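Chemist: To be precise about what I am sending: the file is called data.txt and holds compact mmCIF, C-alpha atoms.
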```txt
# COMPACT_ATOMS: atom_id res chain seq x y z
CA MET A 1 -9.81 -11.83 -1.30
CA PHE A 2 -6.62 -9.95 -0.54
CA TYR A 3 -8.07 -7.20 1.61
CA GLU A 4 -7.54 -8.89 4.97
CA GLU A 5 -3.90 -9.73 4.20
CA LEU A 6 -3.19 -6.22 2.91
CA LYS A 7 -4.88 -4.60 5.91
CA GLN A 8 -2.83 -6.72 8.29
CA ILE A 9 0.43 -5.80 6.57
CA ILE A 10 -0.42 -2.09 6.41
CA ARG A 11 -1.26 -2.15 10.13
CA LEU A 12 2.18 -3.65 10.79
CA VAL A 13 3.76 -0.84 8.80
CA LEU A 14 1.85 1.78 10.81
CA GLN A 15 2.11 0.19 14.25
CA GLN A 16 5.52 -1.45 14.17
CA GLY A 17 7.34 0.41 11.41
CA LEU A 18 7.63 -2.76 9.32
CA SER A 19 9.82 -2.03 6.30
CA GLY A 20 12.62 -3.37 4.15
CA GLN A 21 13.23 -7.09 4.00
CA ALA A 22 10.80 -7.86 6.84
CA LEU A 23 8.01 -6.16 4.88
CA MET A 24 9.04 -7.96 1.69
CA ASP A 25 8.94 -11.27 3.57
CA ALA A 26 5.44 -10.52 4.88
CA LEU A 27 4.25 -9.65 1.37
CA THR A 28 5.62 -12.81 -0.19
CA ALA A 29 4.29 -14.99 2.63
CA ASP A 30 0.77 -13.54 2.71
CA VAL A 31 -0.09 -12.36 -0.82
CA ASN A 32 0.02 -14.36 -4.04
CA PRO A 33 0.94 -11.76 -6.68
CA THR A 34 -0.26 -13.92 -9.58
CA GLU A 35 -3.76 -14.08 -8.12
CA LEU A 36 -3.63 -10.40 -7.26
CA TYR A 37 -2.75 -9.38 -10.84
CA ALA A 38 -5.56 -11.55 -12.19
CA SER A 39 -8.11 -9.91 -9.90
CA ASP A 40 -8.26 -6.53 -11.70
CA ASP A 41 -8.97 -4.93 -8.33
CA MET A 42 -7.33 -1.50 -8.50
CA LEU A 43 -7.41 -0.96 -4.73
CA ALA A 44 -5.75 -4.30 -4.01
CA THR A 45 -3.08 -3.93 -6.69
CA ASP A 46 -2.31 -0.31 -5.79
CA SER A 47 -2.04 -1.19 -2.10
CA TYR A 48 0.21 -4.13 -2.91
CA PHE A 49 2.51 -2.13 -5.19
CA SER A 50 2.75 0.70 -2.67
CA LEU A 51 3.83 -1.84 -0.07
CA LEU A 52 6.26 -3.46 -2.50
CA HIS A 53 7.84 -0.18 -3.59
CA TYR A 54 7.99 1.07 0.00
CA ALA A 55 9.72 -2.15 1.09
CA SER A 56 12.33 -1.77 -1.65
CA GLY A 57 12.93 1.90 -0.80
CA GLU A 58 11.62 3.08 -4.18
CA GLU A 59 8.65 4.98 -2.76
CA VAL A 60 7.96 7.25 0.17
CA VAL A 61 4.54 6.54 1.68
CA THR A 62 3.13 8.66 4.48
CA ASP A 63 0.99 7.49 7.37
CA ALA A 64 -1.90 9.41 5.80
CA GLU A 65 -1.59 7.30 2.64
CA TRP A 66 -1.48 4.06 4.61
CA LYS A 67 -4.56 5.19 6.55
CA TYR A 68 -6.28 6.04 3.27
CA PHE A 69 -5.63 2.51 2.02
CA LEU A 70 -6.96 1.09 5.29
CA ASP A 71 -10.10 3.23 5.10
CA CYS A 72 -10.72 1.99 1.56
CA LEU A 73 -9.91 -1.64 2.35
CA ASN A 74 -12.28 -1.47 5.34
CA GLY A 75 -15.05 -0.09 3.12
CA ASN A 76 -15.16 3.27 4.89
CA ARG A 77 -14.15 5.16 1.72
CA VAL A 78 -14.44 4.52 -1.98
CA TYR A 79 -11.01 4.13 -3.56
CA SER A 80 -10.14 6.82 -6.06
CA LEU A 81 -6.89 6.68 -8.00
CA ASP A 82 -7.09 10.44 -8.55
CA GLU A 83 -7.39 11.07 -4.81
CA LYS A 84 -4.50 8.70 -4.11
CA LEU A 85 -2.34 10.34 -6.78
CA GLN A 86 -2.97 13.76 -5.22
CA MET A 87 -1.56 12.39 -1.97
CA THR A 88 1.50 10.87 -3.62
CA ASP A 89 2.23 13.96 -5.75
CA LYS A 90 2.71 15.88 -2.51
CA ASN A 91 5.33 13.32 -1.41
CA SER A 92 7.30 13.03 -4.62
CA ILE A 93 11.04 12.81 -4.16
CA GLY A 94 12.92 15.74 -5.61
CA GLY A 95 9.80 17.88 -5.78
CA SER A 96 9.86 21.66 -5.96
CA VAL A 97 11.48 23.60 -3.16
```
Show me this structure written as structure tokens.

Modeler:
Amino acid sequence: MFYEELKQIIRLVLQQGLSGQALMDALTADVNPTELYASDDMLATDSYFSLLHYASGEEVVTDAEWKYFLDCLNGNRVYSLDEKLQMTDKNSIGGSV
């Protein structure tokens, strides 16, 4: 499964500030997107796309969000798209002042 690879990459983001091209390189080296898409695993695909969009600068992701993904990937929490969206809505770029 993809959980171990995603957890490792998220830990690198949190611990070493991995971002940009280095993060993109880690994603392409460790995760096969074709297999990921075919899996229908919402947690894995959402984690992957958050990493991908963060690496490209398209998305702001907080440490709390990364830790949420880790908790879910470790089986300590049940992934909820609604809960995740509540976190991201608070971080939206150009939000209300």

Chemist: Hey, what's within 9 Å of Ser47 of chain A if we count all atoms listed in the file and toss same-chain stuff fewer than 6 positions away? As number ranges by chain, please?

Modeler: A: 6, 10, 66, 69

Chemist: List every protein, DNA or RNA residue with an atom no more than 12 Å from (8.5, -2.3, 5.5) in the file's coordinates, counting only C-alpha atoms, and format the result as number ranges by chain.

Modeler: A: 9-27, 48, 50-61, 66

Chemist: Report, in Å with one decimal, the straight-line distance from atom CA of Tyr68 of chain A to atom CA of Phe2 of chain A.

Modeler: 16.4 Å

Chemist: Nearest residue to Asp41 of chain A out of A:Lys67, A:Asn74, A:Gln86, A:Tyr79, using only C-alpha atoms?

Modeler: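 Of all the options, A:Tyr79 lies closest to Asp41 of chain A.
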
Chemist: Nearest to Thr88 of chain A among A:Thr62, A:Thr45, A:Asn32, A:Ser39, with distances taken over only C-alpha atoms: which residue is it?

Modeler: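 Closest to Thr88 of chain A of all the choices is A:Thr62.
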